[in-house]
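What follows is the content of structure-v8.csv, which has CSV, C-alpha atoms:
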```
chain,number,residue,atom,x,y,z
A,79,MET,CA,34.3,56.0,91.0
A,80,ILE,CA,32.3,56.5,87.7
A,81,ILE,CA,35.5,56.0,85.6
A,82,THR,CA,36.4,52.9,87.5
A,83,ASN,CA,32.9,51.4,86.9
A,84,LEU,CA,33.1,52.4,83.2
A,85,ILE,CA,36.4,50.6,82.9
A,86,LYS,CA,34.9,47.5,84.7
A,87,ILE,CA,31.9,47.6,82.4
A,88,MET,CA,34.1,47.8,79.3
A,89,MET,CA,36.3,44.9,80.6
A,90,PHE,CA,33.1,42.9,81.3
A,91,LEU,CA,31.9,43.4,77.8
A,92,SER,CA,35.3,42.5,76.3
A,93,SER,CA,35.4,39.3,78.3
A,94,TYR,CA,32.5,38.0,76.2
A,95,PHE,CA,34.3,38.7,72.9
A,96,PRO,CA,34.6,35.0,71.9
A,97,LEU,CA,30.9,34.7,72.5
A,98,TYR,CA,30.1,37.6,70.2
A,99,ILE,CA,32.1,36.0,67.4
A,100,MET,CA,30.4,32.6,67.9
A,101,ILE,CA,27.0,34.3,67.8
A,102,LEU,CA,27.8,36.0,64.5
A,103,ILE,CA,29.0,32.7,63.1
A,104,ILE,CA,26.1,30.6,64.3
A,105,TYR,CA,23.3,33.1,63.4
A,106,PHE,CA,24.7,34.9,60.4
A,107,GLU,CA,23.1,32.9,57.6
A,108,LYS,CA,19.9,32.1,59.5
A,109,TYR,CA,19.0,35.5,61.0
A,110,PHE,CA,21.1,38.2,59.5
A,111,ASP,CA,19.3,38.6,56.2
A,112,ILE,CA,18.8,42.2,57.2
A,113,CYS,CA,19.0,43.6,53.7
A,114,THR,CA,16.3,41.3,52.3
A,115,ASN,CA,14.1,40.8,55.4
A,116,PRO,CA,14.8,43.6,57.9
A,117,THR,CA,13.1,43.6,61.3
A,118,ILE,CA,13.7,45.8,64.3
A,119,ARG,CA,14.7,42.8,66.5
A,120,LYS,CA,17.3,41.5,64.0
A,121,SER,CA,18.7,45.0,63.5
A,122,LEU,CA,18.9,45.7,67.2
A,123,PHE,CA,20.5,42.3,67.9
A,124,LEU,CA,23.1,42.8,65.2
A,125,PHE,CA,23.8,46.4,66.3
A,126,ALA,CA,24.3,45.2,69.9
A,127,VAL,CA,26.7,42.4,68.9
A,128,ILE,CA,28.7,44.7,66.6
A,129,ALA,CA,28.8,47.4,69.3
A,130,ALA,CA,30.0,44.8,71.9
A,131,ILE,CA,32.7,43.6,69.4
A,132,VAL,CA,33.9,47.2,68.9
A,133,ILE,CA,34.0,47.8,72.7
A,134,SER,CA,36.0,44.6,73.1
A,135,ILE,CA,38.5,45.5,70.5
A,136,PHE,CA,38.8,49.0,72.0
A,137,SER,CA,39.4,47.6,75.5
A,138,PHE,CA,42.1,45.2,74.2
A,139,ILE,CA,43.8,48.1,72.3
A,140,LEU,CA,43.8,50.1,75.5
A,141,LEU,CA,45.4,47.2,77.3
A,142,CYS,CA,48.1,46.8,74.7
A,143,LYS,CA,48.7,50.6,74.3
A,144,SER,CA,48.6,51.6,78.0
A,145,SER,CA,51.7,51.6,80.0
A,146,GLY,CA,52.9,52.8,83.3
A,147,ASP,CA,56.0,53.0,85.5
A,148,ARG,CA,54.4,52.4,88.9
A,149,GLU,CA,56.3,49.9,90.9
A,150,LEU,CA,54.6,46.9,92.5
A,151,ILE,CA,56.6,45.0,95.1
A,152,PHE,CA,55.4,41.5,95.9
A,153,GLN,CA,56.5,38.5,97.9
A,154,LYS,CA,54.4,35.7,96.6
A,155,VAL,CA,52.9,34.9,93.2
A,156,GLU,CA,50.4,32.1,92.6
A,157,ARG,CA,49.6,30.5,89.3
A,158,PRO,CA,46.1,31.1,88.0
A,159,ASP,CA,43.5,28.5,88.7
A,160,ASP,CA,40.7,27.5,86.4
A,161,THR,CA,38.8,30.7,86.9
A,162,ILE,CA,39.0,31.6,83.2
A,163,ILE,CA,37.8,28.2,82.2
A,164,SER,CA,34.9,28.4,84.7
A,165,TYR,CA,34.1,31.9,83.3
A,166,ILE,CA,34.1,30.5,79.7
A,167,MET,CA,31.6,27.9,80.8
A,168,THR,CA,29.1,30.7,81.4
A,169,TYR,CA,29.1,31.1,77.6
A,170,ILE,CA,27.4,27.7,77.1
A,171,ILE,CA,24.0,28.7,78.5
A,172,PRO,CA,23.6,31.8,76.3
A,173,LEU,CA,25.2,30.2,73.3
A,174,LEU,CA,23.0,27.2,73.3
A,175,SER,CA,19.7,28.8,74.3
A,176,ILE,CA,19.5,32.1,72.5
A,177,ASP,CA,17.1,32.3,69.6
A,178,ILE,CA,16.6,35.9,68.4
A,179,THR,CA,13.2,35.0,66.9
A,180,LYS,CA,11.8,34.5,70.4
A,181,ASN,CA,11.4,37.3,72.9
A,182,SER,CA,11.6,35.0,75.9
A,183,THR,CA,15.1,33.7,75.1
A,184,ILE,CA,16.3,37.2,74.3
A,185,ILE,CA,15.0,38.5,77.7
A,186,VAL,CA,16.3,35.5,79.7
A,187,ASN,CA,19.8,35.8,78.1
A,188,PHE,CA,19.8,39.5,78.5
A,189,LEU,CA,18.9,39.1,82.2
A,190,LEU,CA,21.6,36.4,82.6
A,191,PHE,CA,24.1,38.8,81.0
A,192,ILE,CA,23.1,41.6,83.4
A,193,VAL,CA,23.4,39.4,86.5
A,194,ILE,CA,26.8,38.1,85.4
A,195,GLY,CA,27.9,41.7,84.6
A,196,TYR,CA,26.7,43.0,87.9
A,197,LEU,CA,28.6,40.2,89.8
A,198,TYR,CA,31.6,40.7,87.6
A,199,ILE,CA,31.7,44.4,88.5
A,200,ARG,CA,30.6,44.1,92.1
A,201,LEU,CA,33.2,41.4,92.9
A,202,ASN,CA,35.9,43.2,91.0
A,203,LEU,CA,36.5,40.3,88.6
A,204,VAL,CA,37.9,42.3,85.6
A,205,TYR,CA,40.9,40.0,85.5
A,206,LEU,CA,38.6,37.2,84.2
A,207,ASN,CA,38.9,38.0,80.6
A,208,PRO,CA,39.4,35.2,78.0
A,209,LEU,CA,40.3,37.7,75.3
A,210,TRP,CA,43.4,38.8,77.3
A,211,ALA,CA,44.3,35.2,78.0
A,212,ILE,CA,44.0,34.3,74.3
A,213,PHE,CA,46.7,37.0,73.6
A,214,GLY,CA,49.0,35.9,76.4
A,215,TYR,CA,47.9,38.1,79.4
A,216,VAL,CA,47.5,35.8,82.4
A,217,SER,CA,46.1,36.7,85.8
A,218,TYR,CA,48.1,35.8,88.9
A,219,ARG,CA,47.2,36.2,92.5
A,220,ILE,CA,50.0,38.1,94.4
A,221,ASP,CA,50.4,38.5,98.1
A,222,GLU,CA,46.9,37.1,98.7
A,223,ASP,CA,45.1,40.4,98.0
A,224,LYS,CA,46.1,41.6,94.6
A,225,ILE,CA,45.8,40.5,91.0
A,226,LEU,CA,48.6,40.9,88.5
A,227,ILE,CA,47.7,40.7,84.8
A,228,THR,CA,50.8,40.2,82.7
A,229,ASN,CA,52.3,38.6,79.7
A,230,ILE,CA,55.5,37.8,81.8
A,231,PRO,CA,56.0,34.0,82.0
A,232,TYR,CA,55.3,32.5,85.4
A,233,ASN,CA,58.9,31.2,85.9
A,234,ASN,CA,60.2,34.8,85.3
A,235,LEU,CA,57.7,36.2,87.8
A,236,LYS,CA,58.7,33.7,90.5
A,237,ARG,CA,62.3,35.0,90.4
A,238,ARG,CA,61.1,38.6,90.6
A,239,LYS,CA,59.9,40.6,93.6
A,240,VAL,CA,59.1,43.8,91.7
A,241,VAL,CA,57.3,44.6,88.4
A,242,TYR,CA,56.5,47.9,86.7
A,243,GLY,CA,53.1,48.9,85.2
A,244,TYR,CA,49.9,50.5,86.2
A,245,TYR,CA,46.8,49.8,88.2
A,246,LEU,CA,43.8,49.0,86.0
A,247,VAL,CA,41.3,49.3,88.9
A,248,ASN,CA,41.6,48.9,92.6
A,249,SER,CA,44.0,46.0,93.4
A,250,ILE,CA,44.4,44.9,89.8
A,251,PHE,CA,47.9,45.7,88.4
A,252,VAL,CA,48.9,45.3,84.8
A,253,ALA,CA,52.6,44.7,84.0
A,254,LYS,CA,53.9,44.1,80.5
A,255,HIS,CA,56.9,42.1,79.6
A,256,LYS,CA,58.3,44.9,77.4
A,257,ASN,CA,58.4,47.3,80.4
A,258,ASN,CA,60.0,44.9,82.8
```
Could you rewrite the structure in this file as structure tokens?
Amino acid sequence: MIITNLIKIMMFLSSYFPLYIMILIIYFEKYFDICTNPTIRKSLFLFAVIAAIVISIFSFILLCKSSGDRELIFQKVERPDDTIISYIMTYIIPLLSIDITKNSTIIVNFLLFIVIGYLYIRLNLVYLNPLWAIFGYVSYRIDEDKILITNIPYNNLKRRKVVYGYYLVNSIFVAKHKNN
């Protein structure tokens, strides 16, 4: 249970990878003059963003390096809907409203991040990860109750009834093209 939740937390943090990069780009010149004008707030913010980037990269490396030979038999595979796009839209609020010079926006965005994270973990939404989608790993619903994360093209999946890989958590299965 603890390991499962740690994996979910790591996957949640990695799902915001594009946001971390955007924050660094937007605020780098304006606020990250840490060498010439250090403040605790700026230093903590920069540390948090860099730590989240490192966790994101680590989780993606784990996804790429992990493999398995468990068999998943399925009858029906459905194309992904716009869940990734909807999830990305949650970036707009934090990206447009954060101002690291104001405690109120930091607190509000932190609370928003915590609420989204709690729901992400509680509702088992680890398959909503734009970072994976950017690198070709798409989430499909299979047999109404499972999620398949794979880089196998949809047309190939439709012709299959079995894939090999591993369970990431609960009912979320990862199958890589190179293993199938």
Counting only C-alpha atoms, what is within 6 Å of segment 86-94 of chain A, bar same-chain residues fewer than 6 positions away, as a tab-separated table (two decimals) with C-alpha atoms, keeping the file's coordinate frame?
```
chain	number	residue	atom	x	y	z
A	134	SER	CA	36.00	44.60	73.10
A	199	ILE	CA	31.70	44.40	88.50
A	204	VAL	CA	37.90	42.30	85.60
A	207	ASN	CA	38.90	38.00	80.60
A	208	PRO	CA	39.40	35.20	78.00
A	209	LEU	CA	40.30	37.70	75.30
```
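For the pair atom CA of Tyr242 of chain A and atom CA of Ile80 of chain A, the interatomic distance is 25.7 Å.
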**Asked** Suppose you want the space between atom CA of Gln153 of chain A and atom CA of Leu141 of chain A; what is it in Å?
**Response** 25.0 Å
**Asked** Which one is closest to Glu156 of chain A: A:Gly243, A:Val216, A:Pro96, A:Thr82? Count all atoms listed in the file.
**Response** A:Val216
**Asked** If you count all atoms listed in the file, which residues fall within 12 Å of Thr161 of chain A, apart from same-chain ones fewer than 3 positions away, as a PyMOL selection string?
**Response** chain A and resi 157-158+164-168+203-208+211+216-219
**Request:** Work out how far atom CA of Ile81 of chain A is from atom CA of Asn258 of chain A, in Å to one decimal.
**Result:** 27.0 Å
**Prompt:** Can you tell me, as a ChimeraX atom specification, what residues are no more than 10 Å from Val132 of chain A when counting all atoms listed in the file, ignoring any on the same chain fewer than 5 positions away?
**Reply:** /A:91-92,95,126-127,137-138
**Request:** Tell me which of A:Ile85, A:Leu124, A:Leu190, A:Leu235 sits closest to Asn248 of chain A, counting all atoms listed in the file.
**Result:**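 Closest to Asn248 of chain A of all the choices is A:Ile85.
Among A:Arg200, A:Lys154, A:Lys143, A:Lys256, the residue with the shortest atom-to-atom distance to Leu226 of chain A, counting all atoms listed in the file, is A:Lys154.
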**Item:** Contacts of Ile176 of chain A within 10 Å, all atoms listed in the file, excl. fewer than 3 positions in-chain, as a ChimeraX atom specification
**Value:** /A:101,105,171-173,179-188
**Message:** Applying 6 Å and only C-alpha atoms, which residues near Ile220 of chain A remain after dropping the ones on its own chain fewer than 2 positions away? List them as JSON, numbers by chain.
**Reply:** {"A": [154, 155, 222, 224, 225]}
